[in-house]
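*Asks:* As input, take query_23.cif (mmCIF, C-alpha atoms (C1' of nucleotides)):
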data_target
loop_
_atom_site.label_atom_id
_atom_site.label_comp_id
_atom_site.auth_asym_id
_atom_site.auth_seq_id
_atom_site.Cartn_x
_atom_site.Cartn_y
_atom_site.Cartn_z
CA MET A 1 102.11 131.37 103.27
CA SER A 2 103.03 128.74 100.75
CA THR A 3 101.56 125.47 101.98
CA THR A 4 97.84 125.86 102.53
CA LYS A 5 96.00 122.93 104.08
CA ARG A 6 92.56 122.11 102.78
CA ASN A 7 89.67 120.47 104.57
CA THR A 8 88.09 117.50 102.94
CA TRP A 9 85.29 115.26 104.07
CA GLN A 10 87.80 112.44 103.88
CA ARG A 11 90.04 113.96 106.49
CA GLU A 12 86.98 114.72 108.58
CA ALA A 13 85.84 111.11 108.30
CA VAL A 14 89.20 109.79 109.41
CA ARG A 15 89.31 112.22 112.30
CA ALA A 16 85.80 111.26 113.35
CA ARG A 17 86.26 107.50 113.29
CA LEU A 18 89.60 107.83 114.99
CA ALA A 19 88.01 109.87 117.74
CA GLU A 20 85.22 107.41 118.42
CA ALA A 21 87.48 104.40 118.49
CA GLN A 22 88.60 103.44 121.95
CA GLY A 23 92.21 102.36 122.10
CA PHE A 24 94.54 102.20 119.17
CA VAL A 25 93.50 101.38 115.64
CA SER A 26 95.47 100.50 112.58
CA ALA A 27 95.12 102.32 109.29
CA GLN A 28 93.71 99.17 107.75
CA GLN A 29 91.07 98.80 110.45
CA LEU A 30 90.00 102.38 110.03
CA TYR A 31 89.84 101.86 106.31
CA SER A 32 87.56 98.85 106.49
CA VAL A 33 85.27 100.52 108.99
CA LEU A 34 84.89 103.43 106.62
CA ARG A 35 84.33 101.23 103.58
CA ASP A 36 81.79 99.15 105.48
CA GLU A 37 79.90 102.34 106.15
CA GLY A 38 79.74 102.86 102.43
CA SER A 39 82.45 105.46 102.20
CA THR A 40 84.42 105.52 98.98
CA ILE A 41 87.57 106.73 100.67
CA GLY A 42 90.84 105.24 99.47
CA LEU A 43 93.32 103.36 101.57
CA ALA A 44 96.15 105.68 100.65
CA THR A 45 94.08 108.61 101.80
CA VAL A 46 93.54 107.02 105.18
CA TYR A 47 97.29 106.59 105.54
CA ARG A 48 97.97 110.12 104.39
CA ASN A 49 95.49 111.62 106.78
CA LEU A 50 96.59 109.56 109.72
CA ALA A 51 100.15 110.66 109.12
CA GLN A 52 99.02 114.22 108.81
CA LEU A 53 96.91 114.16 111.94
CA THR A 54 99.78 112.61 113.80
CA GLU A 55 102.16 115.26 112.61
CA ALA A 56 99.66 117.92 113.58
CA GLY A 57 99.51 116.51 117.09
CA GLU A 58 95.87 115.54 116.83
CA ALA A 59 96.72 111.88 117.02
CA ASP A 60 99.59 109.86 118.24
CA SER A 61 100.97 106.66 116.93
CA LEU A 62 102.93 103.71 118.14
CA GLN A 63 104.02 100.39 116.76
CA SER A 64 102.35 97.27 118.01
CA LEU A 65 104.58 94.44 119.09
CA ASP A 66 104.28 92.95 115.63
CA GLY A 67 105.31 96.04 113.76
CA GLU A 68 102.03 97.56 112.70
CA ASN A 69 101.47 101.27 113.08
CA LEU A 70 98.61 102.07 115.38
CA PHE A 71 96.94 105.43 115.83
CA ARG A 72 94.81 107.06 118.40
CA SER A 73 93.04 110.33 118.73
CA CYS A 74 95.10 112.09 121.30
CA SER A 75 94.79 114.55 124.08
CA THR A 76 97.59 117.02 123.73
CA GLY A 77 100.87 116.78 125.54
CA HIS A 78 103.55 114.17 125.64
CA HIS A 79 102.55 110.94 127.29
CA HIS A 80 102.92 107.19 127.07
CA HIS A 81 100.59 104.24 127.04
CA LEU A 82 99.59 101.23 129.00
CA ILE A 83 97.89 98.84 126.66
CA CYS A 84 96.02 95.62 127.34
CA ARG A 85 97.47 92.86 125.22
CA SER A 86 94.17 91.09 125.21
CA CYS A 87 91.37 93.62 124.73
CA GLY A 88 93.36 96.59 123.57
CA GLU A 89 92.16 98.94 126.26
CA THR A 90 94.52 101.85 126.57
CA ARG A 91 95.39 104.22 129.38
CA GLU A 92 97.40 107.33 128.81
CA ILE A 93 100.07 107.75 131.39
CA LYS A 94 102.22 110.66 132.32
CA ALA A 95 105.74 109.80 133.19
CA SER A 96 107.83 112.68 134.34
CA VAL A 97 110.12 110.14 136.01
CA VAL A 98 110.83 108.61 132.67
CA GLU A 99 111.18 111.86 130.79
CA GLU A 100 113.72 113.03 133.26
CA TRP A 101 115.51 109.72 133.30
CA ALA A 102 115.67 109.63 129.51
CA SER A 103 117.32 112.98 129.08
CA ARG A 104 119.66 112.41 132.00
CA VAL A 105 120.87 109.07 130.68
CA GLY A 106 121.15 110.51 127.20
CA ALA A 107 123.26 113.38 128.45
CA GLU A 108 125.47 111.09 130.49
CA HIS A 109 126.39 109.31 127.29
CA GLY A 110 126.92 112.52 125.36
CA PHE A 111 123.80 112.03 123.27
CA SER A 112 121.53 114.90 122.31
CA GLU A 113 118.12 115.26 120.72
CA ILE A 114 116.81 112.33 122.69
CA GLU A 115 113.57 110.76 121.58
CA HIS A 116 112.18 107.88 123.49
CA VAL A 117 109.83 105.03 122.92
CA VAL A 118 108.22 104.00 126.15
CA ASP A 119 105.13 101.85 126.15
CA LEU A 120 103.79 99.27 128.52
CA PHE A 121 101.86 96.21 127.54
CA GLY A 122 100.05 94.08 130.04
CA VAL A 123 96.79 92.34 130.77
CA CYS A 124 94.03 94.37 132.33
CA GLU A 125 91.99 93.28 135.31
CA ARG A 126 88.91 92.41 133.32
CA CYS A 127 90.75 90.20 130.85
CA ARG A 128 92.67 88.51 133.60
CA SER A 129 89.55 87.41 135.42
CA LYS A 130 88.06 86.18 132.16
CA ALA A 131 90.95 83.77 131.67
CA MET B 1 112.57 65.70 125.72
CA SER B 2 110.58 66.03 122.56
CA THR B 3 112.02 69.00 120.67
CA THR B 4 115.68 68.45 120.03
CA LYS B 5 117.61 71.36 118.60
CA ARG B 6 120.28 70.68 116.02
CA ASN B 7 123.41 72.63 115.31
CA THR B 8 123.97 73.71 111.76
CA TRP B 9 126.73 75.78 110.23
CA GLN B 10 123.99 78.19 109.17
CA ARG B 11 122.95 78.91 112.71
CA GLU B 12 126.58 79.21 113.67
CA ALA B 13 127.19 81.69 110.85
CA VAL B 14 124.29 83.86 111.92
CA ARG B 15 125.40 83.77 115.52
CA ALA B 16 128.95 84.68 114.52
CA ARG B 17 128.10 87.65 112.29
CA LEU B 18 125.59 88.88 114.78
CA ALA B 19 128.21 88.79 117.48
CA GLU B 20 130.80 90.71 115.53
CA ALA B 21 128.39 93.42 114.44
CA GLN B 22 128.44 96.44 116.67
CA GLY B 23 125.01 97.88 117.24
CA PHE B 24 121.80 96.53 115.83
CA VAL B 25 121.49 94.82 112.49
CA SER B 26 118.51 93.88 110.41
CA ALA B 27 117.93 90.38 109.10
CA GLN B 28 118.44 91.66 105.58
CA GLN B 29 121.75 93.26 106.42
CA LEU B 30 122.99 90.09 107.99
CA TYR B 31 121.83 88.17 104.98
CA SER B 32 123.70 90.29 102.48
CA VAL B 33 126.85 90.24 104.56
CA LEU B 34 126.71 86.48 104.55
CA ARG B 35 125.97 86.21 100.86
CA ASP B 36 128.76 88.66 100.07
CA GLU B 37 131.09 86.35 101.89
CA GLY B 38 130.04 83.62 99.53
CA SER B 39 127.70 81.86 101.89
CA THR B 40 124.79 80.06 100.28
CA ILE B 41 122.54 80.61 103.25
CA GLY B 42 118.92 81.47 102.55
CA LEU B 43 117.13 84.59 103.70
CA ALA B 44 114.39 82.63 105.40
CA THR B 45 117.00 80.76 107.36
CA VAL B 46 118.50 83.99 108.61
CA TYR B 47 115.09 85.06 109.81
CA ARG B 48 114.43 81.70 111.39
CA ASN B 49 117.71 81.66 113.23
CA LEU B 50 117.45 85.22 114.42
CA ALA B 51 114.04 84.47 115.82
CA GLN B 52 115.38 81.38 117.45
CA LEU B 53 118.40 83.08 118.94
CA THR B 54 116.17 85.81 120.25
CA GLU B 55 113.83 83.37 121.84
CA ALA B 56 116.78 81.57 123.36
CA GLY B 57 117.95 84.80 124.92
CA GLU B 58 121.18 84.90 122.94
CA ALA B 59 120.06 87.98 121.07
CA ASP B 60 117.58 90.71 121.65
CA SER B 61 115.49 92.55 119.17
CA LEU B 62 113.79 95.88 118.83
CA GLN B 63 111.95 97.76 116.15
CA SER B 64 113.62 100.68 114.50
CA LEU B 65 111.59 103.85 114.23
CA ASP B 66 110.55 102.83 110.76
CA GLY B 67 109.28 99.41 111.69
CA GLU B 68 112.14 97.12 110.80
CA ASN B 69 113.17 94.43 113.22
CA LEU B 70 116.71 94.84 114.41
CA PHE B 71 118.76 92.26 116.27
CA ARG B 72 121.80 92.28 118.42
CA SER B 73 123.89 89.72 120.12
CA CYS B 74 123.06 90.28 123.71
CA SER B 75 124.67 90.16 127.05
CA THR B 76 122.25 88.45 129.35
CA GLY B 77 119.89 90.24 131.62
CA HIS B 78 117.16 92.72 130.94
CA HIS B 79 118.28 96.09 129.67
CA HIS B 80 117.41 98.86 127.25
CA HIS B 81 119.20 100.77 124.56
CA LEU B 82 120.42 104.20 123.66
CA ILE B 83 120.92 104.29 119.94
CA CYS B 84 122.47 106.94 117.74
CA ARG B 85 120.06 107.87 115.00
CA SER B 86 122.91 108.78 112.75
CA CYS B 87 125.67 106.18 113.08
CA GLY B 88 123.77 103.45 114.85
CA GLU B 89 126.11 103.20 117.79
CA THR B 90 124.37 101.50 120.66
CA ARG B 91 124.84 101.60 124.41
CA GLU B 92 123.15 99.15 126.67
CA ILE B 93 121.60 100.83 129.65
CA LYS B 94 120.27 99.51 132.88
CA ALA B 95 117.19 101.19 134.12
CA SER B 96 116.03 100.04 137.47
CA VAL B 97 114.15 103.33 137.78
CA VAL B 98 112.13 102.45 134.76
CA GLU B 99 111.61 98.81 135.64
CA GLU B 100 110.22 99.81 138.97
CA TRP B 101 108.15 102.58 137.49
CA ALA B 102 106.70 100.24 134.89
CA SER B 103 105.46 97.63 137.29
CA ARG B 104 104.19 100.23 139.72
CA VAL B 105 102.17 102.06 137.10
CA GLY B 106 100.93 98.78 135.72
CA ALA B 107 99.76 97.67 139.13
CA GLU B 108 98.09 100.99 139.84
CA HIS B 109 95.91 100.41 136.82
CA GLY B 110 95.20 96.81 137.70
CA PHE B 111 97.33 95.44 134.88
CA SER B 112 99.48 92.38 135.26
CA GLU B 113 102.16 90.64 133.20
CA ILE B 114 103.68 93.96 132.26
CA GLU B 115 106.11 94.03 129.38
CA HIS B 116 107.66 97.26 128.39
CA VAL B 117 109.30 98.77 125.38
CA VAL B 118 111.79 101.40 126.40
CA ASP B 119 114.35 102.63 123.96
CA LEU B 120 116.09 105.93 123.52
CA PHE B 121 117.18 107.38 120.23
CA GLY B 122 119.46 110.36 119.98
CA VAL B 123 122.51 111.74 118.27
CA CYS B 124 125.88 110.81 119.70
CA GLU B 125 128.65 113.23 120.39
CA ARG B 126 130.74 112.24 117.40
CA CYS B 127 127.92 112.60 114.90
CA ARG B 128 126.84 115.88 116.41
CA SER B 129 130.23 117.48 115.89
CA LYS B 130 130.35 116.15 112.34
CA ALA B 131 127.17 118.01 111.44
"C1'" DG C 1 129.48 52.98 109.05
"C1'" DA C 2 124.56 52.13 107.51
"C1'" DG C 3 120.05 53.46 108.34
"C1'" DC C 4 116.26 56.15 110.10
"C1'" DT C 5 113.87 59.95 112.12
"C1'" DT C 6 112.78 64.41 111.95
"C1'" DG C 7 114.63 69.13 112.69
"C1'" DT C 8 116.48 72.30 108.99
"C1'" DT C 9 117.31 74.44 104.85
"C1'" DG C 10 116.74 77.07 100.39
"C1'" DC C 11 113.91 78.75 97.23
"C1'" DG C 12 110.16 80.88 95.21
"C1'" DA C 13 105.52 82.10 95.97
"C1'" DA C 14 102.52 84.44 98.94
"C1'" DT C 15 101.27 87.98 102.66
"C1'" DC C 16 100.96 92.18 104.64
"C1'" DG C 17 101.58 96.88 105.64
"C1'" DT C 18 102.76 100.98 103.44
"C1'" DT C 19 104.16 104.14 99.84
"C1'" DC C 20 104.34 105.79 95.03
"C1'" DC C 21 102.59 107.47 90.72
"C1'" DC C 22 99.52 110.10 88.26
"C1'" DA C 23 95.51 111.52 85.97
"C1'" DT C 24 91.41 113.50 87.92
"C1'" DC C 25 88.92 116.14 91.39
"C1'" DA C 26 87.63 119.86 94.25
"C1'" DA C 27 88.72 123.51 98.28
"C1'" DG C 28 89.25 128.16 98.84
"C1'" DG C 29 90.78 132.43 97.36
"C1'" DT C 30 89.91 135.93 93.41
"C1'" DA D 1 82.34 131.41 87.59
"C1'" DC D 2 87.41 130.68 87.44
"C1'" DC D 3 91.95 129.30 88.65
"C1'" DT D 4 95.58 127.31 91.21
"C1'" DT D 5 97.19 123.61 93.38
"C1'" DG D 6 96.53 120.52 97.46
"C1'" DA D 7 94.03 116.17 97.87
"C1'" DT D 8 92.15 111.93 96.24
"C1'" DG D 9 91.71 106.95 94.70
"C1'" DG D 10 93.30 103.01 92.85
"C1'" DG D 11 96.37 100.10 91.21
"C1'" DA D 12 101.15 99.17 90.70
"C1'" DA D 13 105.36 98.94 93.27
"C1'" DC D 14 107.97 97.97 97.45
"C1'" DG D 15 110.24 96.10 101.38
"C1'" DA D 16 110.02 93.12 105.21
"C1'" DT D 17 108.66 88.78 106.70
"C1'" DT D 18 106.43 84.21 106.38
"C1'" DC D 19 104.81 79.94 104.14
"C1'" DG D 20 104.97 75.55 101.71
"C1'" DC D 21 107.43 71.86 100.42
"C1'" DA D 22 110.73 68.72 98.61
"C1'" DA D 23 115.55 67.91 99.31
"C1'" DC D 24 119.00 67.77 103.17
"C1'" DA D 25 121.61 66.44 107.01
"C1'" DA D 26 122.34 66.18 112.48
"C1'" DG D 27 122.33 63.05 115.88
"C1'" DC D 28 120.66 59.00 117.45
"C1'" DT D 29 120.56 53.46 117.27
"C1'" DC D 30 122.46 49.19 116.05
#
Could you write out this structure as structure tokens?
*Replies:*
Amino acid sequence: MSTTKRNTWQREAVRARLAEAQGFVSAQQLYSVLRDEGSTIGLATVYRNLAQLTEAGEADSLQSLDGENLFRSCSTGHHHHLICRSCGETREIKASVVEEWASRVGAEHGFSEIEHVVDLFGVCERCRSKA
Amino acid sequence: MSTTKRNTWQREAVRARLAEAQGFVSAQQLYSVLRDEGSTIGLATVYRNLAQLTEAGEADSLQSLDGENLFRSCSTGHHHHLICRSCGETREIKASVVEEWASRVGAEHGFSEIEHVVDLFGVCERCRSKA
DNA sequence: GAGCTTGTTGCGAATCGTTCCCATCAAGGT
DNA sequence: ACCTTGATGGGAACGATTCGCAACAAGCTC
């Protein structure tokens, strides 16, 4: 093999904090949590590791409505999200309907290699009653 | 009424170029097209007008996979997009299946005021055969 | 048309998220 | 212990977008 991947406490730290966060977190958030804990990890490293974890399928990412990349420790398999605009609570949702629809529509238009971005934003019950 | 909206040649210019562009364009792209034509319009103004047109429902916007805001002059009504990753060609698609699915899933989880982001990216026929 | 009010503009500075560069460090095999 | 080379950190660099503000001008009113 050519590319060997090494384990560093930094990557472990990112993985750990990501796992214990509920909902999606931004790289910056993760970074400040880590620094506040006294870690000397660098911002660039957080970004690198998040990207790597995402690529490895250990995390998934999405863009918030205002263009920030958010990450979340992820159960395997393709799925989408239902996210509370107010408190950030997230539910993973399976959507075979949508998967099927996406590839069908793509095919109908002669498109291949379809990727889709499908995420729902709303207000959860708890936040609604608070307002 | 309190907020009166004025018509400026700048807004008109943005509207015009946006309309004649096929597919989605970024604010920056629009800006350089305009400047290349000799316009003295400012970048901030392009952003401001795009935001305004979007809010007014004359354009719709989405984020490209790499986090840039793209805009397109828009036929009215809610719809989604199928975009060629390679040449940028865009097809508007109606997706009642998805609309219905979105609100159903939202409701099942007790969420209200559901907004959804649903866009498909793929490679169109033409680009595929070129490769 | 003159005058006034106030939405708009252009510009440069300022943010913000993210990536790059690179000398230094250290993980994991030998 | 010793190398090789992936990984790190930090500060500079970047690209997209927004802000601040003084100068402008659109659309009244008279």
*Asks:* As a short mmCIF file (atom, residue, chain, number, x, y, z; two decimals) with C-alpha atoms, in the coordinates of the input, please: chain A after a least-squares superposition onto chain B using all C-alpha atoms matched in order.
*Replies:*
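Result file superposed.cif:
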data_model
loop_
_atom_site.label_atom_id
_atom_site.label_comp_id
_atom_site.auth_asym_id
_atom_site.auth_seq_id
_atom_site.Cartn_x
_atom_site.Cartn_y
_atom_site.Cartn_z
CA MET A 1 112.72 65.25 125.60
CA SER A 2 110.68 65.81 122.50
CA THR A 3 112.08 68.89 120.80
CA THR A 4 115.78 68.43 120.16
CA LYS A 5 117.69 71.40 118.77
CA ARG A 6 120.34 70.75 116.17
CA ASN A 7 123.45 72.73 115.40
CA THR A 8 124.01 73.77 111.86
CA TRP A 9 126.74 75.82 110.28
CA GLN A 10 124.00 78.21 109.23
CA ARG A 11 123.01 78.98 112.77
CA GLU A 12 126.67 79.29 113.66
CA ALA A 13 127.20 81.73 110.80
CA VAL A 14 124.31 83.90 111.89
CA ARG A 15 125.50 83.86 115.48
CA ALA A 16 129.01 84.77 114.41
CA ARG A 17 128.12 87.68 112.15
CA LEU A 18 125.64 88.95 114.68
CA ALA A 19 128.32 88.89 117.35
CA GLU A 20 130.86 90.83 115.32
CA ALA A 21 128.42 93.49 114.24
CA GLN A 22 128.47 96.54 116.43
CA GLY A 23 125.03 97.96 117.09
CA PHE A 24 121.83 96.56 115.74
CA VAL A 25 121.47 94.84 112.40
CA SER A 26 118.47 93.87 110.38
CA ALA A 27 117.87 90.36 109.12
CA GLN A 28 118.28 91.62 105.58
CA GLN A 29 121.63 93.24 106.33
CA LEU A 30 122.90 90.08 107.93
CA TYR A 31 121.70 88.13 104.95
CA SER A 32 123.52 90.24 102.40
CA VAL A 33 126.72 90.21 104.42
CA LEU A 34 126.59 86.44 104.47
CA ARG A 35 125.80 86.15 100.77
CA ASP A 36 128.58 88.59 99.92
CA GLU A 37 130.94 86.30 101.75
CA GLY A 38 129.86 83.55 99.43
CA SER A 39 127.57 81.78 101.83
CA THR A 40 124.63 79.99 100.29
CA ILE A 41 122.43 80.55 103.31
CA GLY A 42 118.79 81.38 102.65
CA LEU A 43 116.99 84.48 103.77
CA ALA A 44 114.31 82.51 105.56
CA THR A 45 116.98 80.70 107.50
CA VAL A 46 118.47 83.96 108.67
CA TYR A 47 115.06 85.03 109.93
CA ARG A 48 114.44 81.69 111.58
CA ASN A 49 117.76 81.70 113.35
CA LEU A 50 117.51 85.27 114.48
CA ALA A 51 114.12 84.54 115.97
CA GLN A 52 115.49 81.46 117.61
CA LEU A 53 118.53 83.18 119.04
CA THR A 54 116.32 85.92 120.33
CA GLU A 55 114.01 83.47 121.98
CA ALA A 56 116.99 81.70 123.49
CA GLY A 57 118.18 84.96 125.00
CA GLU A 58 121.36 85.04 122.96
CA ALA A 59 120.20 88.09 121.08
CA ASP A 60 117.72 90.79 121.63
CA SER A 61 115.60 92.61 119.17
CA LEU A 62 113.85 95.90 118.83
CA GLN A 63 111.96 97.73 116.14
CA SER A 64 113.58 100.68 114.48
CA LEU A 65 111.54 103.84 114.21
CA ASP A 66 110.44 102.77 110.75
CA GLY A 67 109.20 99.37 111.75
CA GLU A 68 112.07 97.09 110.85
CA ASN A 69 113.16 94.41 113.26
CA LEU A 70 116.71 94.84 114.40
CA PHE A 71 118.82 92.32 116.26
CA ARG A 72 121.89 92.39 118.35
CA SER A 73 124.03 89.85 120.04
CA CYS A 74 123.22 90.39 123.65
CA SER A 75 124.76 90.20 127.03
CA THR A 76 122.33 88.46 129.30
CA GLY A 77 119.88 90.23 131.52
CA HIS A 78 117.11 92.66 130.86
CA HIS A 79 118.23 96.04 129.64
CA HIS A 80 117.37 98.83 127.25
CA HIS A 81 119.18 100.75 124.57
CA LEU A 82 120.43 104.16 123.70
CA ILE A 83 120.92 104.29 119.98
CA CYS A 84 122.51 106.93 117.79
CA ARG A 85 120.10 107.92 115.07
CA SER A 86 122.96 108.82 112.82
CA CYS A 87 125.69 106.20 113.13
CA GLY A 88 123.79 103.46 114.87
CA GLU A 89 126.12 103.18 117.82
CA THR A 90 124.38 101.47 120.67
CA ARG A 91 124.82 101.53 124.42
CA GLU A 92 123.12 99.06 126.67
CA ILE A 93 121.58 100.72 129.64
CA LYS A 94 120.25 99.36 132.86
CA ALA A 95 117.18 101.04 134.12
CA SER A 96 115.97 99.84 137.45
CA VAL A 97 114.12 103.15 137.80
CA VAL A 98 112.12 102.32 134.74
CA GLU A 99 111.53 98.70 135.60
CA GLU A 100 110.16 99.70 138.92
CA TRP A 101 108.12 102.50 137.48
CA ALA A 102 106.64 100.22 134.83
CA SER A 103 105.35 97.60 137.20
CA ARG A 104 104.12 100.19 139.68
CA VAL A 105 102.14 102.09 137.06
CA GLY A 106 100.85 98.84 135.64
CA ALA A 107 99.66 97.71 139.04
CA GLU A 108 98.04 101.05 139.77
CA HIS A 109 95.86 100.54 136.73
CA GLY A 110 95.08 96.93 137.59
CA PHE A 111 97.20 95.58 134.76
CA SER A 112 99.31 92.46 135.12
CA GLU A 113 101.98 90.73 133.08
CA ILE A 114 103.53 94.03 132.16
CA GLU A 115 105.98 94.10 129.29
CA HIS A 116 107.59 97.32 128.34
CA VAL A 117 109.24 98.82 125.34
CA VAL A 118 111.74 101.42 126.40
CA ASP A 119 114.36 102.65 123.99
CA LEU A 120 116.12 105.93 123.56
CA PHE A 121 117.22 107.40 120.29
CA GLY A 122 119.52 110.36 120.08
CA VAL A 123 122.60 111.70 118.38
CA CYS A 124 125.95 110.75 119.81
CA GLU A 125 128.75 113.17 120.51
CA ARG A 126 130.82 112.18 117.52
CA CYS A 127 127.99 112.57 115.03
CA ARG A 128 126.96 115.86 116.54
CA SER A 129 130.36 117.41 116.05
CA LYS A 130 130.47 116.11 112.50
CA ALA A 131 127.33 118.05 111.62
#
*Asks:* Just the residues within 9 Å of DG10 in chain C, please, counting all atoms listed in the file, with nothing from its chain fewer than 5 positions along; format it as a PyMOL selection string.
*Replies:* chain B and resi 40-45
*Asks:* Select, from C:DA2, C:DC22, C:DC11, C:DC16, the residue with the minimum atom-to-atom distance to chain A, counting only C-alpha atoms (C1' of nucleotides).
*Replies:*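 Checking each candidate against chain A, we get C:DC16 as the closest.
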*Asks:* Please write the residues picked by the PyMOL selection byres ((chain C) within 12 of (chain B)) on this file as number ranges by chain.
*Replies:* C: 5-12, 17-18
*Asks:* Provide as a ChimeraX atom specification the residues of chain A at most 12 Å from chain B, counting only C-alpha atoms.
*Replies:* /A:61-70,80-87,89-129
*Asks:* Using only C-alpha atoms (C1' of nucleotides), list the residues that have an atom at most 6 Å from (120.3, 97.9, 118.6), coordinates as in the file, as a list in words.
*Replies:*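 Answer for this query, in the requested form: Gly23, Phe24, Arg72 and Thr90 of chain B.
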*Asks:* One number please: CA of Gln28 in chain A to C1' of DA7 in chain D, in Å, one decimal.
*Replies:*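 Here the two named atoms are 19.7 Å from each other.
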*Asks:* For the provided coordinates, the residues matched by the PyMOL selection byres ((chain D) within 8 of (chain A)) should be stated as a PyMOL selection string.
*Replies:* chain D and resi 6-10
*Asks:* For a test of reading the model, state the distance in Å between CA of Ser32 in chain B and C1' of DA14 in chain C, rounded to one decimal.
*Replies:*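 The value is 22.3 Å.
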*Asks:* Take the PyMOL selection byres ((chain C and resi 30) around 9), run it mentally on this structure, and tell me the resulting residues as a list of chain:residue names.
*Replies:*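 With the shown file as input, the PyMOL selection byres ((chain C and resi 30) around 9) matches C:DG29, D:DC2, D:DC3.
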*Asks:* In Å, with one decimal, what is the gap from C1' of DC25 in chain C to CA of Trp9 in chain A?
*Replies:* 13.2 Å
*Asks:* Name the residues in contact with DG3 in chain C at a cut-off of 12 Å, using only C-alpha atoms (C1' of nucleotides), excluding same-chain residues fewer than 6 positions from it; report them as a PyMOL selection string.
*Replies:* chain D and resi 28-30
*Asks:* Write the selection just made, keeping C-alpha atoms (C1' of nucleotides), as a PDB file, in the frame of the given file?
*Replies:*
ATOM      1  C1'  DC D  28     120.660  59.000 117.450  1.00  0.00           C
ATOM      2  C1'  DT D  29     120.560  53.460 117.270  1.00  0.00           C
ATOM      3  C1'  DC D  30     122.460  49.190 116.050  1.00  0.00           C
TER       4       DC D  30
END
*Asks:* Tell me, as a PyMOL selection string, which residues lie within 9 Å of Glu20 in chain B, counting only C-alpha atoms (C1' of nucleotides); anything in the same chain fewer than 4 positions away does not count.
*Replies:* chain B and resi 15-16+73
*Asks:* Ranking D:DT4, D:DA16, D:DA25, D:DG11 by minimum distance to DC20 in chain C and counting all atoms listed in the file, which one comes first?
*Replies:* D:DG11
